[in-house]
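Down below is the structure, laid out as structure tokens.
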Number of protein chains: 2
Amino acid sequence: MKINKPRRLSLVEQVTKEIEQLIQQGYWKVGDKIPSEKVLMEQFDVSRNTLREAVRALTHVGLLETKQGSGTIVISESMFDLVLAKQIEQNSIAQILEVRLAIEREAAFLAAERRTETELKEMQHLIYQCKQALENDDLNNFMEADIKFHQKVVQASQNNLFVDLYASLNDSLQFSIEQIMFYAEEKVEENNIHHELYQAIKNQESEQASKLVDIYITSWKSLLEESSCH
Amino acid sequence: MKINKPRRLSLVEQVTKEIEQLIQQGYWKVGDKIPSEKVLMEQFDVSRNTLREAVRALTHVGLLETKQGSGTIVISESMFDLVLAKQIEQNSIAQILEVRLAIEREAAFLAAERRTETELKEMQHLIYQCKQALENDDLNNFMEADIKFHQKVVQASQNNLFVDLYASLNDSLQFSIEQIMFYAEEKVEENNIHHELYQAIKNQESEQASKLVDIYITSWKSLLEESSCH
DNA sequence: GGTCATTTGTTCGTATGTATA
DNA sequence: GTATACATACGAACAAATGAC
């Protein structure tokens, strides 16, 4: 889909884009209060109405939130997450897991071909964190490291689209994974898959990496089905 | 008990939401021209500036397009396509193909398990259309039927998220596929994959369906690499 | 509790440019 | 060319919410 854009950007569009970039570049971070309309008017050298329309556009898509008498704060740094999350909400957990499997399996395959030494070291460290959290029976820390490990695998595919899609899916899945974890007793087996997957990626065994992810997510899926029977 | 402030929706937000709903409910369809600002001002009982801010918010996200001296037309009914397309634009064709492979392969696997009789018949018809288009050397019709066939396969997975993601990816890929097609001489081979894939899905051979999609897209990918060398 | 400056919300008016009929 | 309708931008005014003193 190619969007027509022969005309030059309007003032509002320019300001909107600039603010969007300032947010994405981290100049204004999530939770921050951005300057008042008065200050921004001078900074961008536009009228109040022009500035307000730009801010309004960004509040509508969910990047900003305005509070009368108080100010305007940043509530998200990318529209992609928001829209995808909204779309994902309409689907069942089982369907999301199917998409997650599709993405993570292919990403693991590519990661085995393209991973860097740095990424391998980071994976190893995350596996260690998982192990330690398990020994301390600290489920929260385990889940955090677990998710980070899988994100690292996807990142090692060197494909930004995989990374973005996977991140958005994961956000939506996280709460549901907690539920599933409740029924999961065989945590050690999970940890073994971590190490096996790491070995496959390290040794550049693409097919093996794919297969391991398949096993990993299929086990989640069956856990989900069991838990829904109760 | 502290009750959250019932932050009432601003006038602009109300109007924005109403227009958005009218579009999504199909009251105003894609391509339609919506009433003039004057009419809408009366209909929603708001000032011109308020209405304009609402329209502006929707043009910014890409649902509406305003044309000077003419009016405002609806150009899309969901933000999802637009945002995803924007995200995809930032990635290379090779990366998009990798995501497409991930989605279509898994979808084919599931389609083999879940396809309905109706979907099988529709696939058969689309294969016939592809064949006919090839005999008439009609590339445009071939591509149209080809895309529809693969969409039908994804649809047969009975997973809406796959369908949505695949549709958005396809829109972005379509123009690039045309380029690749230019270098593709072995069209007959393509058609054979159609029929083989259909047979696998019909006979519920999931693994075989996956494998065929893999072969299919890998061949696209190598064509792409060849063409980029010229 | 009340006052007051600040900040955003809402509306109107004006001016100029541009595309369409 | 003219008239109409929309696009774009600026300025001003008052309302309403907030926070600090």
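Just remember, in the structure tokens the first chain shown is A, the second B, etc., residues are 1-based per chain, and ligands are 1-based in the order shown.
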With all C-alpha atoms paired in order, what RMSD does the least-squares fit of chain B onto chain A leave?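 After least-squares fitting, the two copies differ by 3.0 Å C-alpha RMSD.
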Interface rows for chain D against chain B: nearest pair, Å to one decimal, 8 Å, only C-alpha atoms (C1' of nucleotides), as JSON lines:
{"residue": "D:DA5", "atom": "C1'", "partner": "B:Gly69", "partner_atom": "CA", "distance": 5.4}
{"residue": "D:DC6", "atom": "C1'", "partner": "B:Gly69", "partner_atom": "CA", "distance": 4.7}
{"residue": "D:DA7", "atom": "C1'", "partner": "B:Gln68", "partner_atom": "CA", "distance": 5.8}
Find the residue from A:Glu18, A:Glu65, A:Glu122, A:Glu117 that sits nearest to chain C; use only C-alpha atoms (C1' of nucleotides) when measuring. A:Glu65
Closest pair table for chain A residues within 7 Å of chain B, only C-alpha atoms, as a tab-separated table:
residue	atom	partner	partner_atom	distance
A:Met1	CA	B:Asp171	CA	5.0
A:Glu53	CA	B:Glu53	CA	6.1
A:Arg56	CA	B:Ala57	CA	6.8
A:Ala57	CA	B:Ala57	CA	4.6
A:His60	CA	B:Ala57	CA	6.6
A:Phe80	CA	B:Val83	CA	6.2
A:Val83	CA	B:Phe80	CA	6.1
A:Leu84	CA	B:Phe80	CA	6.9
A:Asn91	CA	B:Leu161	CA	6.9
A:Gln95	CA	B:Asn159	CA	5.9
A:Val99	CA	B:Phe162	CA	6.7
A:Ala102	CA	B:Ala102	CA	5.2
A:Ile103	CA	B:Ala102	CA	5.7
A:Glu106	CA	B:Ala102	CA	5.6
A:Asn159	CA	B:Gln95	CA	5.9
A:Leu161	CA	B:Asn91	CA	6.9
A:Phe162	CA	B:Val99	CA	6.7
Residues within 12 Å of Arg115 in chain A, please, as a list in words. Count only C-alpha atoms (C1' of nucleotides); anything in the same chain fewer than 6 positions from it doesn't count.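 Contacts, in chain order: Ala107, Ala108, Phe109, Lys121, Glu122, Met123, Lys152, Val153, Val154, Gln155, Ala156, Ser157, Gln158, Asn159, Tyr198, Gln199, Ala200, Ile201, Lys202, Asn203, Gln204, Glu205 and Ser206 of chain A.
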Mind writing the picked residues with N, CA, C and O atoms as a PDB file, in the first residue's frame?
ATOM      1  N   ALA A 107      12.401 -16.905  13.698  1.00  0.00           N
ATOM      2  CA  ALA A 107      13.448 -16.028  14.217  1.00  0.00           C
ATOM      3  C   ALA A 107      14.605 -16.841  14.777  1.00  0.00           C
ATOM      4  O   ALA A 107      15.778 -16.489  14.591  1.00  0.00           O
ATOM      5  N   ALA A 108      14.286 -17.951  15.438  1.00  0.00           N
ATOM      6  CA  ALA A 108      15.337 -18.800  15.991  1.00  0.00           C
ATOM      7  C   ALA A 108      16.183 -19.399  14.875  1.00  0.00           C
ATOM      8  O   ALA A 108      17.412 -19.484  14.977  1.00  0.00           O
ATOM      9  N   PHE A 109      15.493 -19.768  13.796  1.00  0.00           N
ATOM     10  CA  PHE A 109      16.205 -20.311  12.633  1.00  0.00           C
ATOM     11  C   PHE A 109      17.224 -19.303  12.111  1.00  0.00           C
ATOM     12  O   PHE A 109      18.394 -19.627  11.896  1.00  0.00           O
ATOM     13  N   LYS A 121      26.760 -14.113  24.370  1.00  0.00           N
ATOM     14  CA  LYS A 121      27.131 -13.889  25.759  1.00  0.00           C
ATOM     15  C   LYS A 121      25.944 -13.417  26.584  1.00  0.00           C
ATOM     16  O   LYS A 121      25.739 -13.836  27.726  1.00  0.00           O
ATOM     17  N   GLU A 122      25.130 -12.523  25.973  1.00  0.00           N
ATOM     18  CA  GLU A 122      23.951 -12.010  26.688  1.00  0.00           C
ATOM     19  C   GLU A 122      22.951 -13.138  26.954  1.00  0.00           C
ATOM     20  O   GLU A 122      22.332 -13.199  28.018  1.00  0.00           O
ATOM     21  N   MET A 123      22.820 -14.031  25.982  1.00  0.00           N
ATOM     22  CA  MET A 123      21.919 -15.183  26.180  1.00  0.00           C
ATOM     23  C   MET A 123      22.394 -16.032  27.356  1.00  0.00           C
ATOM     24  O   MET A 123      21.600 -16.433  28.207  1.00  0.00           O
ATOM     25  N   LYS A 152      15.888 -11.902  23.212  1.00  0.00           N
ATOM     26  CA  LYS A 152      17.268 -11.834  22.710  1.00  0.00           C
ATOM     27  C   LYS A 152      17.439 -12.741  21.504  1.00  0.00           C
ATOM     28  O   LYS A 152      18.122 -12.400  20.539  1.00  0.00           O
ATOM     29  N   VAL A 153      16.798 -13.913  21.559  1.00  0.00           N
ATOM     30  CA  VAL A 153      16.855 -14.835  20.423  1.00  0.00           C
ATOM     31  C   VAL A 153      16.257 -14.174  19.182  1.00  0.00           C
ATOM     32  O   VAL A 153      16.845 -14.204  18.096  1.00  0.00           O
ATOM     33  N   VAL A 154      15.085 -13.555  19.377  1.00  0.00           N
ATOM     34  CA  VAL A 154      14.432 -12.893  18.246  1.00  0.00           C
ATOM     35  C   VAL A 154      15.304 -11.751  17.730  1.00  0.00           C
ATOM     36  O   VAL A 154      15.456 -11.556  16.523  1.00  0.00           O
ATOM     37  N   GLN A 155      15.898 -11.036  18.657  1.00  0.00           N
ATOM     38  CA  GLN A 155      16.768  -9.916  18.266  1.00  0.00           C
ATOM     39  C   GLN A 155      17.945 -10.404  17.430  1.00  0.00           C
ATOM     40  O   GLN A 155      18.388  -9.727  16.501  1.00  0.00           O
ATOM     41  N   ALA A 156      18.440 -11.600  17.762  1.00  0.00           N
ATOM     42  CA  ALA A 156      19.595 -12.149  17.052  1.00  0.00           C
ATOM     43  C   ALA A 156      19.267 -12.528  15.614  1.00  0.00           C
ATOM     44  O   ALA A 156      20.165 -12.797  14.815  1.00  0.00           O
ATOM     45  N   SER A 157      17.981 -12.504  15.261  1.00  0.00           N
ATOM     46  CA  SER A 157      17.608 -12.773  13.869  1.00  0.00           C
ATOM     47  C   SER A 157      17.979 -11.594  12.986  1.00  0.00           C
ATOM     48  O   SER A 157      17.952 -11.696  11.767  1.00  0.00           O
ATOM     49  N   GLN A 158      18.305 -10.480  13.599  1.00  0.00           N
ATOM     50  CA  GLN A 158      18.698  -9.250  12.871  1.00  0.00           C
ATOM     51  C   GLN A 158      17.569  -8.767  11.970  1.00  0.00           C
ATOM     52  O   GLN A 158      17.809  -8.196  10.916  1.00  0.00           O
ATOM     53  N   ASN A 159      16.332  -9.027  12.387  1.00  0.00           N
ATOM     54  CA  ASN A 159      15.160  -8.588  11.602  1.00  0.00           C
ATOM     55  C   ASN A 159      14.266  -7.740  12.519  1.00  0.00           C
ATOM     56  O   ASN A 159      13.614  -8.260  13.421  1.00  0.00           O
ATOM     57  N   TYR A 198      20.146 -22.467  23.226  1.00  0.00           N
ATOM     58  CA  TYR A 198      21.390 -21.683  23.167  1.00  0.00           C
ATOM     59  C   TYR A 198      22.481 -22.442  22.414  1.00  0.00           C
ATOM     60  O   TYR A 198      23.163 -21.881  21.550  1.00  0.00           O
ATOM     61  N   GLN A 199      22.625 -23.721  22.717  1.00  0.00           N
ATOM     62  CA  GLN A 199      23.643 -24.528  22.044  1.00  0.00           C
ATOM     63  C   GLN A 199      23.406 -24.599  20.538  1.00  0.00           C
ATOM     64  O   GLN A 199      24.329 -24.478  19.741  1.00  0.00           O
ATOM     65  N   ALA A 200      22.146 -24.786  20.152  1.00  0.00           N
ATOM     66  CA  ALA A 200      21.814 -24.879  18.727  1.00  0.00           C
ATOM     67  C   ALA A 200      22.156 -23.579  18.008  1.00  0.00           C
ATOM     68  O   ALA A 200      22.721 -23.584  16.906  1.00  0.00           O
ATOM     69  N   ILE A 201      21.821 -22.465  18.659  1.00  0.00           N
ATOM     70  CA  ILE A 201      22.101 -21.165  18.040  1.00  0.00           C
ATOM     71  C   ILE A 201      23.604 -20.916  17.974  1.00  0.00           C
ATOM     72  O   ILE A 201      24.129 -20.421  16.980  1.00  0.00           O
ATOM     73  N   LYS A 202      24.277 -21.306  19.036  1.00  0.00           N
ATOM     74  CA  LYS A 202      25.730 -21.113  19.072  1.00  0.00           C
ATOM     75  C   LYS A 202      26.412 -21.923  17.977  1.00  0.00           C
ATOM     76  O   LYS A 202      27.297 -21.430  17.281  1.00  0.00           O
ATOM     77  N   ASN A 203      25.960 -23.179  17.806  1.00  0.00           N
ATOM     78  CA  ASN A 203      26.568 -24.059  16.810  1.00  0.00           C
ATOM     79  C   ASN A 203      25.983 -23.853  15.415  1.00  0.00           C
ATOM     80  O   ASN A 203      26.257 -24.629  14.507  1.00  0.00           O
ATOM     81  N   GLN A 204      25.143 -22.873  15.296  1.00  0.00           N
ATOM     82  CA  GLN A 204      24.519 -22.515  14.008  1.00  0.00           C
ATOM     83  C   GLN A 204      23.731 -23.667  13.400  1.00  0.00           C
ATOM     84  O   GLN A 204      23.742 -23.863  12.189  1.00  0.00           O
ATOM     85  N   GLU A 205      23.050 -24.419  14.262  1.00  0.00           N
ATOM     86  CA  GLU A 205      22.174 -25.488  13.790  1.00  0.00           C
ATOM     87  C   GLU A 205      20.748 -24.947  13.675  1.00  0.00           C
ATOM     88  O   GLU A 205      19.938 -25.083  14.588  1.00  0.00           O
ATOM     89  N   SER A 206      20.441 -24.358  12.527  1.00  0.00           N
ATOM     90  CA  SER A 206      19.169 -23.657  12.323  1.00  0.00           C
ATOM     91  C   SER A 206      17.961 -24.557  12.536  1.00  0.00           C
ATOM     92  O   SER A 206      17.017 -24.205  13.259  1.00  0.00           O
TER      93      SER A 206
END
In range 48-228 of chain B, DSSP strand (DSSP E) residues written as an MDAnalysis selection string: chainID B and resid 64:67 71:74
Just the selected residues (C-alpha atoms), exported as a CSV table (one decimal), in the first residue's frame, please.
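Full text of again.csv as output:
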chain,number,residue,atom,x,y,z
B,64,LEU,CA,-9.6,10.3,6.2
B,65,GLU,CA,-8.1,12.4,3.5
B,66,THR,CA,-9.1,16.1,2.9
B,67,LYS,CA,-8.9,17.6,-0.5
B,71,GLY,CA,-14.2,17.7,0.4
B,72,THR,CA,-13.1,14.9,2.7
B,73,ILE,CA,-13.1,11.3,1.7
B,74,VAL,CA,-12.7,8.0,3.6
At most 10 Å to chain A: residues in chain C, only C-alpha atoms (C1' of nucleotides), as a VMD selection string: chain C and resid 6 to 9
Two-atom distance - CA of Leu212 in chain B, CA of Leu139 in chain B (Å):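 CA of Leu139 in chain B lies at a distance of 22.6 Å from CA of Leu212 in chain B.
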Please, which residues of range 35-146 of chain B, numbered as in this document, come out helix (DSSP H, G or I) from DSSP, as a ChimeraX atom specification? /B:37-44,48-61,79-89,93-114,117-135,139-146
A straight line from CA of Lys148 in chain B to CA of Leu126 in chain B spans 7.2 Å
